[in-house]
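Engineer: To be precise about what I am sending: the file is called work.pdb and holds PDB, C-alpha atoms.
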ATOM      1  CA  MET A   1      91.135  25.856 107.733
ATOM      2  CA  SER A   2      88.984  24.662 104.819
ATOM      3  CA  LYS A   3      90.362  24.830 101.272
ATOM      4  CA  LEU A   4      87.953  27.617 100.272
ATOM      5  CA  LYS A   5      88.649  29.581 103.437
ATOM      6  CA  LYS A   6      92.406  29.388 102.808
ATOM      7  CA  LEU A   7      91.943  30.413  99.180
ATOM      8  CA  LYS A   8      89.834  33.379 100.287
ATOM      9  CA  SER A   9      92.447  34.403 102.848
ATOM     10  CA  VAL A  10      95.065  34.459 100.068
ATOM     11  CA  LEU A  11      92.936  35.981  97.284
ATOM     12  CA  VAL A  12      90.890  38.527  99.171
ATOM     13  CA  ASP A  13      92.034  39.195 102.726
ATOM     14  CA  LYS A  14      95.636  40.038 101.763
ATOM     15  CA  ILE A  15      94.817  42.069  98.643
ATOM     16  CA  VAL A  16      93.423  45.432  99.756
ATOM     17  CA  PRO A  17      91.500  46.305  96.539
ATOM     18  CA  ALA A  18      90.036  42.756  96.286
ATOM     19  CA  LYS A  19      88.620  43.205  99.781
ATOM     20  CA  ALA A  20      87.235  46.642  98.885
ATOM     21  CA  MET A  21      85.553  45.059  95.839
ATOM     22  CA  GLY A  22      83.788  42.512  98.064
ATOM     23  CA  ILE A  23      85.134  39.517  96.143
ATOM     24  CA  ASP A  24      84.029  36.089  97.374
ATOM     25  CA  VAL A  25      85.337  32.587  96.618
ATOM     26  CA  ILE A  26      82.374  30.405  95.670
ATOM     27  CA  SER A  27      83.858  27.046  94.624
ATOM     28  CA  TRP A  28      86.888  25.087  93.498
ATOM     29  CA  ASP A  29      86.166  21.792  91.763
ATOM     30  CA  ASP A  30      89.682  20.452  91.091
ATOM     31  CA  ASP A  31      89.863  22.235  87.753
ATOM     32  CA  CYS A  32      87.389  25.119  87.954
ATOM     33  CA  LEU A  33      87.389  28.196  90.188
ATOM     34  CA  THR A  34      84.374  30.477  90.630
ATOM     35  CA  LEU A  35      84.559  33.951  92.209
ATOM     36  CA  THR A  36      81.880  36.608  92.595
ATOM     37  CA  ALA A  37      81.738  40.347  93.259
ATOM     38  CA  PRO A  38      78.671  42.447  94.062
ATOM     39  CA  LEU A  39      77.615  45.386  91.882
ATOM     40  CA  LYS A  40      77.383  47.842  94.789
ATOM     41  CA  GLU A  41      81.114  48.069  95.541
ATOM     42  CA  ASN A  42      81.984  48.091  91.840
ATOM     43  CA  ILE A  43      79.415  50.416  90.329
ATOM     44  CA  ASN A  44      80.266  53.278  87.987
ATOM     45  CA  ASP A  45      78.535  56.491  86.950
ATOM     46  CA  LYS A  46      76.298  54.566  84.525
ATOM     47  CA  GLY A  47      74.932  52.208  87.198
ATOM     48  CA  ILE A  48      76.864  49.230  85.796
ATOM     49  CA  ALA A  49      80.075  47.503  86.854
ATOM     50  CA  PHE A  50      83.331  49.409  86.279
ATOM     51  CA  GLY A  51      85.494  47.701  83.618
ATOM     52  CA  GLY A  52      88.479  47.756  85.967
ATOM     53  CA  SER A  53      86.497  45.740  88.511
ATOM     54  CA  ILE A  54      85.530  43.138  85.908
ATOM     55  CA  TYR A  55      89.206  42.847  84.929
ATOM     56  CA  SER A  56      90.289  42.626  88.592
ATOM     57  CA  LEU A  57      87.822  39.807  89.275
ATOM     58  CA  ALA A  58      88.960  37.926  86.156
ATOM     59  CA  VAL A  59      92.699  38.326  86.773
ATOM     60  CA  LEU A  60      92.236  37.093  90.367
ATOM     61  CA  CYS A  61      90.196  34.130  89.143
ATOM     62  CA  GLY A  62      93.059  33.024  86.888
ATOM     63  CA  TRP A  63      95.602  33.717  89.625
ATOM     64  CA  GLY A  64      93.588  31.692  92.151
ATOM     65  CA  THR A  65      93.337  28.793  89.719
ATOM     66  CA  VAL A  66      97.127  28.623  89.342
ATOM     67  CA  PHE A  67      97.518  28.957  93.118
ATOM     68  CA  GLN A  68      95.061  26.162  93.865
ATOM     69  CA  VAL A  69      96.462  23.750  91.259
ATOM     70  CA  LEU A  70      99.908  24.132  92.853
ATOM     71  CA  GLU A  71      98.496  24.022  96.394
ATOM     72  CA  ASP A  72      96.597  20.783  95.632
ATOM     73  CA  ALA A  73      99.882  19.317  94.348
ATOM     74  CA  GLY A  74     101.637  20.333  97.588
ATOM     75  CA  PHE A  75     103.570  23.336  96.299
ATOM     76  CA  ALA A  76     103.748  26.990  97.318
ATOM     77  CA  ALA A  77     104.925  29.473  94.693
ATOM     78  CA  ASP A  78     104.888  33.119  93.699
ATOM     79  CA  ILE A  79     102.465  33.787  90.847
ATOM     80  CA  ALA A  80     102.271  36.940  88.751
ATOM     81  CA  VAL A  81     100.310  37.920  85.655
ATOM     82  CA  TYR A  82     102.489  39.359  82.903
ATOM     83  CA  LYS A  83     100.257  39.532  79.814
ATOM     84  CA  SER A  84      96.491  39.906  79.538
ATOM     85  CA  GLU A  85      93.610  40.662  77.222
ATOM     86  CA  CYS A  86      90.132  41.642  78.323
ATOM     87  CA  ASN A  87      87.128  42.234  76.088
ATOM     88  CA  PHE A  88      83.766  43.562  77.162
ATOM     89  CA  MET A  89      80.639  42.470  75.330
ATOM     90  CA  ILE A  90      77.669  43.919  77.218
ATOM     91  CA  PRO A  91      77.215  45.976  80.404
ATOM     92  CA  SER A  92      77.322  44.075  83.687
ATOM     93  CA  THR A  93      74.139  45.086  85.483
ATOM     94  CA  GLY A  94      74.220  42.812  88.537
ATOM     95  CA  GLU A  95      76.524  40.602  90.591
ATOM     96  CA  MET A  96      79.544  39.470  88.589
ATOM     97  CA  LYS A  97      80.615  35.837  88.448
ATOM     98  CA  ALA A  98      84.029  34.832  87.077
ATOM     99  CA  VAL A  99      84.758  31.247  86.075
ATOM    100  CA  CYS A 100      88.173  29.823  85.208
ATOM    101  CA  TYR A 101      88.585  26.273  83.957
ATOM    102  CA  ILE A 102      92.001  24.644  83.627
ATOM    103  CA  ASN A 103      92.217  21.458  81.563
ATOM    104  CA  GLN A 104      94.168  18.390  82.639
ATOM    105  CA  ALA A 105      96.976  18.887  80.117
ATOM    106  CA  GLU A 106      97.606  22.507  81.172
ATOM    107  CA  LYS A 107      97.498  21.441  84.825
ATOM    108  CA  MET A 108     100.028  18.646  84.348
ATOM    109  CA  LYS A 109     102.325  20.881  82.274
ATOM    110  CA  LEU A 110     102.327  23.488  85.047
ATOM    111  CA  ILE A 111     103.054  21.015  87.858
ATOM    112  CA  ASP A 112     105.653  19.145  85.792
ATOM    113  CA  SER A 113     107.483  22.364  84.927
ATOM    114  CA  PHE A 114     107.424  23.537  88.555
ATOM    115  CA  VAL A 115     108.785  20.183  89.790
ATOM    116  CA  LYS A 116     111.559  20.031  87.186
ATOM    117  CA  LYS A 117     112.580  23.708  86.923
ATOM    118  CA  GLY A 118     111.098  25.367  90.018
ATOM    119  CA  ARG A 119     109.205  27.686  87.675
ATOM    120  CA  GLY A 120     106.526  27.609  85.015
ATOM    121  CA  ARG A 121     103.877  29.425  83.025
ATOM    122  CA  ALA A 122     100.160  29.060  82.634
ATOM    123  CA  PHE A 123      97.902  30.501  79.959
ATOM    124  CA  LEU A 124      94.310  30.702  81.164
ATOM    125  CA  THR A 125      90.986  32.053  79.995
ATOM    126  CA  VAL A 126      88.304  33.400  82.310
ATOM    127  CA  GLU A 127      84.694  34.170  81.498
ATOM    128  CA  VAL A 128      82.689  36.729  83.464
ATOM    129  CA  PHE A 129      78.916  36.539  83.681
ATOM    130  CA  SER A 130      76.219  38.807  85.082
ATOM    131  CA  GLU A 131      72.528  38.022  85.365
ATOM    132  CA  GLY A 132      72.963  34.913  83.213
ATOM    133  CA  ALA A 133      74.773  36.607  80.333
ATOM    134  CA  LYS A 134      78.461  36.631  79.438
ATOM    135  CA  VAL A 135      79.728  40.162  79.910
ATOM    136  CA  SER A 136      83.464  39.739  79.454
ATOM    137  CA  SER A 137      86.114  37.348  78.168
ATOM    138  CA  PHE A 138      89.596  37.467  79.612
ATOM    139  CA  SER A 139      92.836  35.620  78.904
ATOM    140  CA  ALA A 140      96.193  35.939  80.571
ATOM    141  CA  SER A 141      99.638  34.446  80.993
ATOM    142  CA  TYR A 142     100.892  33.893  84.523
ATOM    143  CA  ALA A 143     104.491  33.321  85.580
ATOM    144  CA  VAL A 144     105.164  30.904  88.421
ATOM    145  CA  ARG A 145     108.364  31.359  90.402
ATOM    146  CA  PRO A 146     109.845  29.968  93.648
ATOM    147  CA  LYS A 147     108.171  31.336  96.788
ATOM    148  CA  ASN A 148     109.301  34.818  97.859
ATOM    149  CA  SER A 149     111.055  35.613  94.584
ATOM    150  CA  ILE A 150     108.465  38.138  93.323
ATOM    151  CA  GLY A 151     107.651  41.363  95.157
ATOM    152  CA  ARG A 152     109.201  43.874  97.464
ATOM    153  CA  LYS A 153     112.742  42.878  98.431
TER     154      LYS A 153
ATOM    155  CA  MET B   1      84.316  74.208  88.763
ATOM    156  CA  SER B   2      87.844  73.929  87.340
ATOM    157  CA  LYS B   3      88.498  71.516  84.468
ATOM    158  CA  LEU B   4      90.526  69.147  86.672
ATOM    159  CA  LYS B   5      87.931  69.229  89.450
ATOM    160  CA  LYS B   6      85.159  68.357  86.987
ATOM    161  CA  LEU B   7      87.245  65.555  85.500
ATOM    162  CA  LYS B   8      87.896  64.178  88.986
ATOM    163  CA  SER B   9      84.197  64.345  89.839
ATOM    164  CA  VAL B  10      83.450  62.252  86.739
ATOM    165  CA  LEU B  11      86.402  59.822  86.923
ATOM    166  CA  VAL B  12      86.663  59.222  90.634
ATOM    167  CA  ASP B  13      83.735  60.498  92.689
ATOM    168  CA  LYS B  14      81.084  58.623  90.688
ATOM    169  CA  ILE B  15      83.027  55.375  90.258
ATOM    170  CA  VAL B  16      83.002  53.564  93.610
ATOM    171  CA  PRO B  17      86.127  51.375  93.066
ATOM    172  CA  ALA B  18      88.109  54.343  91.652
ATOM    173  CA  LYS B  19      87.386  56.231  94.873
ATOM    174  CA  ALA B  20      88.394  53.203  96.974
ATOM    175  CA  MET B  21      91.660  53.052  95.020
ATOM    176  CA  GLY B  22      92.443  56.675  95.906
ATOM    177  CA  ILE B  23      92.863  57.752  92.284
ATOM    178  CA  ASP B  24      93.755  61.391  91.693
ATOM    179  CA  VAL B  25      93.688  63.537  88.546
ATOM    180  CA  ILE B  26      97.050  65.297  88.236
ATOM    181  CA  SER B  27      96.959  67.139  84.907
ATOM    182  CA  TRP B  28      95.367  67.526  81.484
ATOM    183  CA  ASP B  29      97.486  69.299  78.889
ATOM    184  CA  ASP B  30      95.152  69.361  75.859
ATOM    185  CA  ASP B  31      96.413  66.000  74.658
ATOM    186  CA  CYS B  32      97.842  64.250  77.719
ATOM    187  CA  LEU B  33      96.121  63.041  80.884
ATOM    188  CA  THR B  34      97.998  62.012  84.028
ATOM    189  CA  LEU B  35      96.396  60.094  86.911
ATOM    190  CA  THR B  36      97.950  58.670  90.066
ATOM    191  CA  ALA B  37      97.037  56.066  92.675
ATOM    192  CA  PRO B  38      98.806  55.399  95.979
ATOM    193  CA  LEU B  39     100.289  51.998  96.821
ATOM    194  CA  LYS B  40      98.517  51.700 100.197
ATOM    195  CA  GLU B  41      94.967  51.269  98.848
ATOM    196  CA  ASN B  42      96.188  49.003  96.043
ATOM    197  CA  ILE B  43      98.679  46.746  97.748
ATOM    198  CA  ASN B  44      98.680  42.961  97.433
ATOM    199  CA  ASP B  45     100.088  40.092  99.495
ATOM    200  CA  LYS B  46     103.578  40.683  98.038
ATOM    201  CA  GLY B  47     103.739  44.339  99.106
ATOM    202  CA  ILE B  48     103.386  45.567  95.521
ATOM    203  CA  ALA B  49     100.470  46.984  93.518
ATOM    204  CA  PHE B  50      97.712  44.542  92.544
ATOM    205  CA  GLY B  51      97.601  43.994  88.753
ATOM    206  CA  GLY B  52      93.876  44.739  88.735
ATOM    207  CA  SER B  53      94.568  48.169  90.238
ATOM    208  CA  ILE B  54      97.192  48.957  87.614
ATOM    209  CA  TYR B  55      94.703  47.972  84.901
ATOM    210  CA  SER B  56      91.942  50.038  86.544
ATOM    211  CA  LEU B  57      94.145  53.139  86.673
ATOM    212  CA  ALA B  58      95.160  52.668  83.016
ATOM    213  CA  VAL B  59      91.650  52.019  81.696
ATOM    214  CA  LEU B  60      90.376  55.120  83.516
ATOM    215  CA  CYS B  61      93.255  57.195  82.124
ATOM    216  CA  GLY B  62      92.245  56.257  78.564
ATOM    217  CA  TRP B  63      88.564  56.791  79.380
ATOM    218  CA  GLY B  64      89.294  60.213  80.889
ATOM    219  CA  THR B  65      91.296  61.228  77.834
ATOM    220  CA  VAL B  66      88.361  60.455  75.517
ATOM    221  CA  PHE B  67      86.009  62.267  77.906
ATOM    222  CA  GLN B  68      88.191  65.387  78.068
ATOM    223  CA  VAL B  69      88.796  65.578  74.314
ATOM    224  CA  LEU B  70      85.023  65.562  73.743
ATOM    225  CA  GLU B  71      84.386  67.918  76.681
ATOM    226  CA  ASP B  72      86.949  70.436  75.324
ATOM    227  CA  ALA B  73      85.130  70.282  71.976
ATOM    228  CA  GLY B  74      81.816  70.990  73.727
ATOM    229  CA  PHE B  75      80.327  67.484  73.583
ATOM    230  CA  ALA B  76      78.996  65.100  76.215
ATOM    231  CA  ALA B  77      78.928  61.389  75.353
ATOM    232  CA  ASP B  78      78.812  57.915  76.814
ATOM    233  CA  ILE B  79      82.205  56.205  76.630
ATOM    234  CA  ALA B  80      82.880  52.514  77.177
ATOM    235  CA  VAL B  81      85.963  50.330  76.784
ATOM    236  CA  TYR B  82      85.319  47.213  74.694
ATOM    237  CA  LYS B  83      88.756  45.743  74.006
ATOM    238  CA  SER B  84      91.978  45.960  76.000
ATOM    239  CA  GLU B  85      95.452  44.550  76.459
ATOM    240  CA  CYS B  86      97.597  45.035  79.532
ATOM    241  CA  ASN B  87     101.153  43.833  80.008
ATOM    242  CA  PHE B  88     103.158  43.978  83.210
ATOM    243  CA  MET B  89     106.920  44.376  83.043
ATOM    244  CA  ILE B  90     108.162  44.848  86.621
ATOM    245  CA  PRO B  91     106.503  45.075  90.051
ATOM    246  CA  SER B  92     105.043  48.437  90.998
ATOM    247  CA  THR B  93     106.573  49.228  94.382
ATOM    248  CA  GLY B  94     105.319  52.763  95.002
ATOM    249  CA  GLU B  95     102.729  55.289  93.844
ATOM    250  CA  MET B  96     101.463  54.516  90.346
ATOM    251  CA  LYS B  97     101.298  57.166  87.641
ATOM    252  CA  ALA B  98      99.349  56.573  84.430
ATOM    253  CA  VAL B  99      99.918  58.741  81.369
ATOM    254  CA  CYS B 100      97.771  58.781  78.235
ATOM    255  CA  TYR B 101      98.725  60.837  75.205
ATOM    256  CA  ILE B 102      96.351  61.338  72.281
ATOM    257  CA  ASN B 103      97.810  62.686  69.049
ATOM    258  CA  GLN B 104      96.178  65.404  66.964
ATOM    259  CA  ALA B 105      95.054  63.069  64.177
ATOM    260  CA  GLU B 106      93.320  60.659  66.577
ATOM    261  CA  LYS B 107      91.702  63.596  68.367
ATOM    262  CA  MET B 108      90.347  65.122  65.143
ATOM    263  CA  LYS B 109      89.110  61.724  63.893
ATOM    264  CA  LEU B 110      87.186  61.198  67.144
ATOM    265  CA  ILE B 111      85.558  64.650  67.155
ATOM    266  CA  ASP B 112      84.817  64.501  63.428
ATOM    267  CA  SER B 113      83.146  61.103  63.750
ATOM    268  CA  PHE B 114      81.102  62.227  66.751
ATOM    269  CA  VAL B 115      79.939  65.374  64.934
ATOM    270  CA  LYS B 116      79.025  63.509  61.735
ATOM    271  CA  LYS B 117      77.620  60.234  63.124
ATOM    272  CA  GLY B 118      76.936  60.908  66.813
ATOM    273  CA  ARG B 119      79.323  58.073  67.628
ATOM    274  CA  GLY B 120      82.961  57.124  67.293
ATOM    275  CA  ARG B 121      85.898  55.018  68.424
ATOM    276  CA  ALA B 122      89.265  55.748  69.924
ATOM    277  CA  PHE B 123      92.282  53.490  70.211
ATOM    278  CA  LEU B 124      94.618  54.666  72.959
ATOM    279  CA  THR B 125      97.741  53.521  74.716
ATOM    280  CA  VAL B 126      98.536  54.229  78.351
ATOM    281  CA  GLU B 127     101.834  53.818  80.154
ATOM    282  CA  VAL B 128     102.006  53.237  83.895
ATOM    283  CA  PHE B 129     105.077  54.201  85.894
ATOM    284  CA  SER B 130     106.186  53.660  89.477
ATOM    285  CA  GLU B 131     109.256  55.106  91.138
ATOM    286  CA  GLY B 132     110.580  56.321  87.777
ATOM    287  CA  ALA B 133     110.262  52.994  85.959
ATOM    288  CA  LYS B 134     107.653  51.808  83.474
ATOM    289  CA  VAL B 135     105.707  49.000  85.129
ATOM    290  CA  SER B 136     102.923  48.397  82.637
ATOM    291  CA  SER B 137     101.815  49.117  79.096
ATOM    292  CA  PHE B 138      98.131  49.214  78.246
ATOM    293  CA  SER B 139      96.133  49.708  75.069
ATOM    294  CA  ALA B 140      92.397  49.785  74.558
ATOM    295  CA  SER B 141      89.586  50.590  72.183
ATOM    296  CA  TYR B 142      86.790  52.813  73.464
ATOM    297  CA  ALA B 143      83.354  53.223  71.954
ATOM    298  CA  VAL B 144      81.727  56.661  72.042
ATOM    299  CA  ARG B 145      77.947  56.836  71.886
ATOM    300  CA  PRO B 146      75.268  59.523  72.408
ATOM    301  CA  LYS B 147      74.803  60.511  76.075
ATOM    302  CA  ASN B 148      72.672  58.117  78.131
ATOM    303  CA  SER B 149      72.778  55.294  75.592
ATOM    304  CA  ILE B 150      75.141  53.023  77.568
ATOM    305  CA  GLY B 151      74.296  51.643  80.974
ATOM    306  CA  ARG B 152      71.367  50.643  83.095
ATOM    307  CA  LYS B 153      68.109  51.378  81.300
TER     308      LYS B 153
END
Can the structure from this file be put into structure tokens for me?
Structural biologist:
Amino acid sequence: MSKLKKLKSVLVDKIVPAKAMGIDVISWDDDCLTLTAPLKENINDKGIAFGGSIYSLAVLCGWGTVFQVLEDAGFAADIAVYKSECNFMIPSTGEMKAVCYINQAEKMKLIDSFVKKGRGRAFLTVEVFSEGAKVSSFSASYAVRPKNSIGRK
Amino acid sequence: MSKLKKLKSVLVDKIVPAKAMGIDVISWDDDCLTLTAPLKENINDKGIAFGGSIYSLAVLCGWGTVFQVLEDAGFAADIAVYKSECNFMIPSTGEMKAVCYINQAEKMKLIDSFVKKGRGRAFLTVEVFSEGAKVSSFSASYAVRPKNSIGRK
């Protein structure tokens, strides 16, 4: 299975609302993840994207970045967001595109912490665009724990 | 149409992702709005609620509170979230319940501003519970503008 296909199977196929939103994985370039979502499945009463959908796309983009950094380093972990901020600048009137970039230092810190302690944290920012304009800025802290330690017991 | 039915038609029926999430309007008690969402439509790979769904439920609960306060006062307006924070404490393992309470002072400030300036702001907090425990705390600022001023032109 290709890297993007695997990432999509994790990010979209197993998360019921992400599938309903029509989220797609566009690219992963070692330090930058891009996801999209169509307007149609995420439209509100005003004919623009629902704020909750913009947040969902952004939080998944950060989550997928942490997942892929660990995956590329040969590790599988449980990842969960625990703190987030999301601001909305202008209405999103078309397809949404979320972009998360992780710098080398943050990447190394995350891998190093996971190797040494079996856990870690990542603070990431995500920008969401629509029709060429930035519609939302998002930042969040993610906790990384050993596989199968987060969730339904 | 009953008050709750009208609120549901605005909050859920016209917002495609809110409908997909199975959100329901439980009660409005003059200053407190309660919404729920089932786990099934909002489940992730770990068998718990997706963070984006918890955020979506919370942001709609705040939005609905602003809507209903204005509606009860006889006004129709456009409402949009522009700033938000959402923290997650523990996994949400069952139905989610979001509760937003607006105090009298905040309510009067909002109505007064809308009457005098045709616009206003509201800062609200929402708590989300699952199986008796608080799973998330949310706060957001909402902008209130004259009807049909926000959205697709």
Engineer: How many Å separate CA of Ser136 in chain B from CA of Ile54 in chain B?
Structural biologist: 7.6 Å
Engineer: Can you work out the spacing between CA of Leu70 in chain A and CA of Ile48 in chain B in Å, to one decimal?
Structural biologist: 21.9 Å
Engineer: Which distance in Å separates CA of Ala122 in chain B and CA of Phe88 in chain A, to one decimal?
Structural biologist: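 Between CA of Ala122 in chain B and CA of Phe88 in chain A the gap works out to 15.2 Å.
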Engineer: Might you pull out every residue within 8 Å of range 35-40 of chain B, with all atoms listed in the file counted and same-chain residues fewer than 5 positions away left off, and present them as number ranges by chain?
Structural biologist: B: 21-27, 48-49, 57, 61, 93-99
Engineer: Dump as a tab-separated table the rows for residues of chain B within 9 Å of chain A: closest atom pair and distance in Å with one decimal, all atoms listed in the file counted, ordered by chain and rising residue number.
Structural biologist:
residue	atom	partner	partner_atom	distance
B:Val10	CA	A:Asp45	CA	7.6
B:Leu11	CA	A:Asp45	CA	8.5
B:Asp13	CA	A:Asp45	CA	8.7
B:Lys14	CA	A:Asp45	CA	5.0
B:Ile15	CA	A:Asn44	CA	4.1
B:Val16	CA	A:Ile43	CA	5.8
B:Pro17	CA	A:Asn42	CA	5.4
B:Ala18	CA	A:Gly52	CA	8.7
B:Ala20	CA	A:Ala20	CA	6.9
B:Met21	CA	A:Pro17	CA	6.9
B:Lys40	CA	A:Val16	CA	8.1
B:Glu41	CA	A:Val16	CA	6.1
B:Asn42	CA	A:Pro17	CA	5.4
B:Ile43	CA	A:Val16	CA	5.8
B:Asn44	CA	A:Ile15	CA	4.1
B:Asp45	CA	A:Lys14	CA	5.0
B:Lys46	CA	A:Gly151	CA	5.0
B:Gly47	CA	A:Arg152	CA	5.7
B:Ile48	CA	A:Gly151	CA	6.0
B:Phe50	CA	A:Ile15	CA	7.2
B:Gly51	CA	A:Val81	CA	7.3
B:Gly52	CA	A:Ser56	CA	4.2
B:Ser53	CA	A:Ser56	CA	7.2
B:Ile54	CA	A:Gly52	CA	8.9
B:Tyr55	CA	A:Gly52	CA	6.3
B:Ser56	CA	A:Gly52	CA	4.2
B:Leu57	CA	A:Gly52	CA	7.8
B:Ala58	CA	A:Gly52	CA	8.8
B:Val59	CA	A:Gly52	CA	6.8
B:Leu60	CA	A:Gly52	CA	8.0
B:Asp78	CA	A:Lys46	CA	8.8
B:Ala80	CA	A:Gly51	CA	8.5
B:Val81	CA	A:Phe88	CA	7.1
B:Tyr82	CA	A:Phe88	CA	4.7
B:Lys83	CA	A:Asn87	CA	4.4
B:Ser84	CA	A:Cys86	CA	5.2
B:Glu85	CA	A:Glu85	CA	4.4
B:Cys86	CA	A:Ser84	CA	5.2
B:Asn87	CA	A:Lys83	CA	4.4
B:Phe88	CA	A:Tyr82	CA	4.7
B:Met89	CA	A:Tyr82	CA	6.7
B:Ile90	CA	A:Tyr82	CA	8.7
B:Pro91	CA	A:Gly151	CA	6.4
B:Ser92	CA	A:Gly151	CA	8.6
B:Thr93	CA	A:Arg152	CA	6.7
B:Asn148	CA	A:Lys46	CA	8.2
B:Ile150	CA	A:Lys46	CA	7.2
B:Gly151	CA	A:Lys46	CA	5.0
B:Arg152	CA	A:Gly47	CA	5.7
Engineer: Here's the selection I'm unsure about, the PyMOL selection byres ((chain A and resi 120) around 7); applied to the file above, which residues does it give, as a count of residues only?
Structural biologist: 9
Engineer: Determine, counting all atoms listed in the file, every residue of protein, DNA or RNA that lies within 12 Å of (86.6, 25.6, 86.3) in the file coordinates, then give the result as a PyMOL selection string.
Structural biologist: chain A and resi 26-35+61-62+64-66+68-69+98-104+107+124-127
Engineer: Written as a list in words, what is the full residue list that the PyMOL selection byres ((chain B and resi 76) around 9) yields on the file shown?
Structural biologist: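 Selected by the PyMOL selection byres ((chain B and resi 76) around 9) here: Phe67, Leu70, Glu71, Gly74, Phe75, Ala77, Asp78, Pro146 and Lys147 of chain B.
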Engineer: Using C-alpha atoms, can you write the selected residues to a file as a PDB file, in the coordinates of the input?
Structural biologist:
ATOM      1  CA  PHE B  67      86.009  62.267  77.906  1.00  0.00           C
ATOM      2  CA  LEU B  70      85.023  65.562  73.743  1.00  0.00           C
ATOM      3  CA  GLU B  71      84.386  67.918  76.681  1.00  0.00           C
ATOM      4  CA  GLY B  74      81.816  70.990  73.727  1.00  0.00           C
ATOM      5  CA  PHE B  75      80.327  67.484  73.583  1.00  0.00           C
ATOM      6  CA  ALA B  77      78.928  61.389  75.353  1.00  0.00           C
ATOM      7  CA  ASP B  78      78.812  57.915  76.814  1.00  0.00           C
ATOM      8  CA  PRO B 146      75.268  59.523  72.408  1.00  0.00           C
ATOM      9  CA  LYS B 147      74.803  60.511  76.075  1.00  0.00           C
TER      10      LYS B 147
END
Engineer: So for range 26-44 of chain A, what box centre and size do we get, axis-aligned, 8 Å extra on each of the six sides, every listed atom, Å to one decimal, as lines of an AutoDock Vina configuration file?
Structural biologist:
center_x = 83.6
center_y = 36.9
center_z = 91.7
size_x = 28.5
size_y = 48.8
size_z = 23.9
